[in-house]
Amino acid sequence: MVKIAPSILSADFSKLKDEIKEVEIAGADYLHVDVMDGHFVPNITIGPLVVEAIKPHTKLPLDVHLMIENPDQYIPEFAKSGASIISVHQEACTHLHRTIQLIKDNGVQAGVVINPATPAQLIKPILADVDLVLVMTVNPGFGGQSFIKETLPKIWEIAKWREELNLSFQIEVDGGVNRETAKWCTDKGADILVAGSAIFNEKDRAKAIETIVNSVKG
Ligand code: DX5
Ligand code: ZN
């Protein structure tokens, strides 16, 4: 069964607590938190303070996606704030094994992310060490962008390596996921779908999640 991680980037921040409750009741499996620093990506969003503020209001695991330079500097703080999973970009890490180990040392599950133009081969050496691989299907920075189809073979490639190497990390996709694109991803082996605008831009969030889940069946 596919898992859904609504991205709060597309939520109404003036009533974040209610927005989170709504998607939790609607059947979300994770809450995807997009952290942007205005350097690694051209947008600034959420810091540890916000993660700490939402933590007591949800039972959903917080799936924290760091789109920042120098993630090592902030990992301990995000872990303390209540992150369940912290994912870092391969492109932002000079010493990827060291950074993944730092996440684990802070008692949090570790994920690695690749941008659409980054070959999957670049994360093959870290696959045995991660709990999650996140394949970006848009260039990170904003919600509501169009899905980049050329990323699809990478999902399949990573899923194939997972099988060959007998590993058990989850594969997540992020960006432009909706009722049309979701199945393309699950067909290639994606386990978790991040969706921002496809959920929060709909008035009925339960229906929005159900629509995505149903779209991948069959
Ligand atoms: C993009 C973020 C995504 C974004 C997804 O930089 O990492 O998580 O919020 O939004 P949609 O689903 O609208 O593409
Ligand atoms: Zn994200």
# chains A, B, ... in the order shown; residues from 1 in each chain; ligands from 1

$ residues_around --residues "Lys183 of chain A" --least-positions-apart "6" --cutoff "8 Å" --atoms "only C-alpha atoms" --output "list in words"
Ser215, Val216 and Lys217 of chain A

$ residues_near_ligand --ligand "ligand 2" --cutoff "6 Å" --atoms "only C-alpha atoms and all ligand atoms" --output "VMD selection string"
chain A and resid 34 65 174

$ residues_around --residues "segment 146-153 of chain A" --least-positions-apart "6" --cutoff "8 Å" --atoms "only C-alpha atoms" --output "PDB file with N, CA and C atoms, in the first residue's frame"
ATOM      1  N   PRO A 116      16.687  16.286  -9.722  1.00  0.00           N
ATOM      2  CA  PRO A 116      16.367  15.654 -11.012  1.00  0.00           C
ATOM      3  C   PRO A 116      17.580  15.419 -11.921  1.00  0.00           C
ATOM      4  N   ALA A 117      18.564  16.311 -11.891  1.00  0.00           N
ATOM      5  CA  ALA A 117      19.713  16.164 -12.800  1.00  0.00           C
ATOM      6  C   ALA A 117      20.845  15.319 -12.221  1.00  0.00           C
ATOM      7  N   VAL A 135      13.741  10.720  -4.253  1.00  0.00           N
ATOM      8  CA  VAL A 135      14.032  11.125  -5.632  1.00  0.00           C
ATOM      9  C   VAL A 135      13.201  12.370  -5.953  1.00  0.00           C
ATOM     10  N   MET A 136      13.881  13.482  -6.180  1.00  0.00           N
ATOM     11  CA  MET A 136      13.163  14.711  -6.530  1.00  0.00           C
ATOM     12  C   MET A 136      12.655  14.608  -7.970  1.00  0.00           C
ATOM     13  N   THR A 137      11.371  14.926  -8.146  1.00  0.00           N
ATOM     14  CA  THR A 137      10.774  14.872  -9.472  1.00  0.00           C
ATOM     15  C   THR A 137      10.469  16.289  -9.981  1.00  0.00           C
ATOM     16  N   VAL A 138      10.934  17.286  -9.220  1.00  0.00           N
ATOM     17  CA  VAL A 138      11.019  18.687  -9.677  1.00  0.00           C
ATOM     18  C   VAL A 138      12.322  19.232  -9.108  1.00  0.00           C
ATOM     19  N   GLY A 175       7.537  16.126  -5.674  1.00  0.00           N
ATOM     20  CA  GLY A 175       7.439  17.197  -6.653  1.00  0.00           C
ATOM     21  C   GLY A 175       6.496  16.861  -7.793  1.00  0.00           C
ATOM     22  N   GLY A 176       5.428  17.631  -7.909  1.00  0.00           N
ATOM     23  CA  GLY A 176       4.490  17.447  -9.015  1.00  0.00           C
ATOM     24  C   GLY A 176       3.699  16.158  -8.966  1.00  0.00           C
ATOM     25  N   VAL A 177       3.592  15.579  -7.764  1.00  0.00           N
ATOM     26  CA  VAL A 177       2.834  14.325  -7.643  1.00  0.00           C
ATOM     27  C   VAL A 177       1.340  14.649  -7.569  1.00  0.00           C
ATOM     28  N   THR A 181       0.370  11.638 -12.137  1.00  0.00           N
ATOM     29  CA  THR A 181       1.788  11.247 -12.076  1.00  0.00           C
ATOM     30  C   THR A 181       2.086  10.187 -11.007  1.00  0.00           C
ATOM     31  N   TRP A 184       2.851   6.630 -12.171  1.00  0.00           N
ATOM     32  CA  TRP A 184       4.133   6.499 -12.877  1.00  0.00           C
ATOM     33  C   TRP A 184       5.222   6.157 -11.853  1.00  0.00           C
ATOM     34  N   CYS A 185       5.133   6.791 -10.678  1.00  0.00           N
ATOM     35  CA  CYS A 185       6.162   6.611  -9.634  1.00  0.00           C
ATOM     36  C   CYS A 185       6.041   5.268  -8.942  1.00  0.00           C
ATOM     37  N   LYS A 188       7.255   2.320 -10.850  1.00  0.00           N
ATOM     38  CA  LYS A 188       8.720   2.181 -10.893  1.00  0.00           C
ATOM     39  C   LYS A 188       9.288   1.725  -9.557  1.00  0.00           C
TER      40      LYS A 188
END

$ select_by_dssp --residues "segment 51-145 of chain A" --states "strand (DSSP E)" --output "MDAnalysis selection string"
chainID A and resid 62:67 85:89 109:114 132:136

$ select_by_dssp --residues "segment 31-180 of chain A" --states "helix (DSSP H, G or I)" --output "ChimeraX atom specification"
/A:48-57,71-73,75-81,90-92,96-105,120-129,149-164

$ residues_around --residues "Asp63 of chain A" --least-positions-apart "6" --cutoff "9 Å" --atoms "only C-alpha atoms" --output "PDB file with C-alpha atoms, in the first residue's frame"
ATOM      1  CA  ALA A   5       3.290  12.419   2.889  1.00  0.00           C
ATOM      2  CA  TYR A  30       3.812  11.154   7.268  1.00  0.00           C
ATOM      3  CA  LEU A  31       4.027  14.921   7.432  1.00  0.00           C
ATOM      4  CA  HIS A  32       6.579  16.259   4.958  1.00  0.00           C
ATOM      5  CA  VAL A  33       8.381  19.370   6.189  1.00  0.00           C
ATOM      6  CA  ASP A  34      10.317  21.369   3.569  1.00  0.00           C
ATOM      7  CA  ALA A  83      12.036  15.128  13.359  1.00  0.00           C
ATOM      8  CA  SER A  84      11.459  11.398  12.786  1.00  0.00           C
ATOM      9  CA  ILE A  85      13.336  11.264   9.490  1.00  0.00           C
ATOM     10  CA  ILE A  86      15.911  13.788   8.293  1.00  0.00           C
ATOM     11  CA  SER A  87      16.858  13.742   4.613  1.00  0.00           C
TER      12      SER A  87
END
